[in-house]
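Please read the structure below before turning to the comments.
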Amino acid sequence: MNQRTISHLSSFWLVLVLAFGLSLSSAFTVIPKPLRNNYVRIVNNLNNKLLYYHCKSRDNVIGTTLYYCKFWEDKFHAVFDVFRSNEKFQKECGGDHCILIAQKDGLYLSIYY
């Protein structure tokens with residue numbers, strides 16, 4: 001091999017190592033995976049009263065999805081984000097399985113139920 005071929009080969013390996021190193025460093029950060037399934041469970045704890053809701057999504061860009069719902073029961077109503085694809089929200093709701101509990105005094109995100 002001549003000096004020029006070795007130089008090109010060294011450059012190729014350097015680029016490959018840098019690309020692999022950058023992909024490893026980003027693998028350890030919490031980034032919502034676009035193809036990961038996420039679940040939202042709505043629990044009705046309103047003592048035999050019907051809880052009505054209508055949910056929609058917004059910001060359907062990979063990594064920024066938002067799901068929100070309008071809830072109502074009798075004369076009370078509320079609009080609540082039931083899922084956001086960011087690290088803070090996912091920690092508050094328990095990761096990929098968000099649990100929303102409707103009680104007499106309000107709506108709550110829970111990691112236990």
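Residue numbers start at 1 in each chain; chains themselves are named A, B, ... in the order of the structure tokens; ligands are numbered from 1 in the order shown.
The neighbours of Glu92 of chain A here are the residues that come within 12 Å of it, using only C-alpha atoms and leaving out any residue fewer than 4 positions away in the same chain; they are A:Val82, A:Phe83, A:Arg84, A:Ser85, A:Asn86, A:Glu87, A:Lys88, A:Asp96, A:His97, A:Cys98, A:Ile99, A:Leu100, A:Tyr108, A:Leu109, A:Ser110, A:Ile111, A:Tyr112.
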Residues from the last selection, N, CA and C atoms, saved as a short mmCIF file (atom, residue, chain, number, x, y, z; two decimals), in the first residue's frame:
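Output file again_37.cif is given in full below:
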data_model
loop_
_atom_site.label_atom_id
_atom_site.label_comp_id
_atom_site.auth_asym_id
_atom_site.auth_seq_id
_atom_site.Cartn_x
_atom_site.Cartn_y
_atom_site.Cartn_z
N VAL A 82 -52.43 14.42 28.88
CA VAL A 82 -52.30 13.05 29.38
C VAL A 82 -51.00 12.40 28.95
N PHE A 83 -50.31 13.00 27.96
CA PHE A 83 -49.01 12.49 27.57
C PHE A 83 -48.23 13.55 26.82
N ARG A 84 -46.97 13.72 27.19
CA ARG A 84 -46.01 14.56 26.47
C ARG A 84 -44.75 13.72 26.29
N SER A 85 -44.16 13.81 25.14
CA SER A 85 -42.96 13.00 24.90
C SER A 85 -41.70 13.77 25.31
N ASN A 86 -41.64 14.12 26.59
CA ASN A 86 -40.41 14.71 27.11
C ASN A 86 -40.05 14.02 28.42
N GLU A 87 -38.80 14.11 28.78
CA GLU A 87 -38.27 13.36 29.92
C GLU A 87 -38.97 13.70 31.22
N LYS A 88 -39.21 14.98 31.49
CA LYS A 88 -39.84 15.39 32.75
C LYS A 88 -41.23 14.79 32.90
N ASP A 96 -43.39 4.77 30.13
CA ASP A 96 -44.21 4.50 28.95
C ASP A 96 -45.67 4.25 29.27
N HIS A 97 -46.01 4.05 30.54
CA HIS A 97 -47.39 3.77 30.95
C HIS A 97 -47.87 4.87 31.88
N CYS A 98 -48.57 5.84 31.33
CA CYS A 98 -49.10 6.94 32.13
C CYS A 98 -50.47 6.55 32.68
N ILE A 99 -50.69 6.83 33.94
CA ILE A 99 -51.97 6.52 34.58
C ILE A 99 -52.57 7.83 35.07
N LEU A 100 -53.76 8.12 34.59
CA LEU A 100 -54.48 9.33 34.98
C LEU A 100 -55.69 8.90 35.80
N TYR A 108 -55.38 13.34 38.56
CA TYR A 108 -54.03 13.12 39.06
C TYR A 108 -53.26 12.19 38.14
N LEU A 109 -51.98 12.50 37.90
CA LEU A 109 -51.07 11.57 37.26
C LEU A 109 -50.52 10.68 38.35
N SER A 110 -50.41 9.40 38.06
CA SER A 110 -49.92 8.48 39.08
C SER A 110 -48.97 7.48 38.45
N ILE A 111 -47.98 7.07 39.20
CA ILE A 111 -47.11 5.99 38.74
C ILE A 111 -47.53 4.67 39.39
N TYR A 112 -48.47 4.74 40.32
CA TYR A 112 -48.97 3.55 41.00
C TYR A 112 -50.48 3.48 40.84
#
Selection: 7 Å around His54 of chain A, only C-alpha atoms, excl. self and same-chain fewer than 5 positions, as a ChimeraX atom specification: /A:69-71
Just write the chosen residues, C-alpha atoms, as a short mmCIF file (atom, residue, chain, number, x, y, z; two decimals), in the first residue's frame.
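Everything below was put into result_3.cif:
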data_model
loop_
_atom_site.label_atom_id
_atom_site.label_comp_id
_atom_site.auth_asym_id
_atom_site.auth_seq_id
_atom_site.Cartn_x
_atom_site.Cartn_y
_atom_site.Cartn_z
CA CYS A 69 -58.11 15.19 26.82
CA LYS A 70 -61.16 17.15 27.79
CA PHE A 71 -62.93 15.54 30.74
#
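In this structure, atom CA of Asp81 of chain A sits 17.4 Å away from atom CA of Asp105 of chain A.
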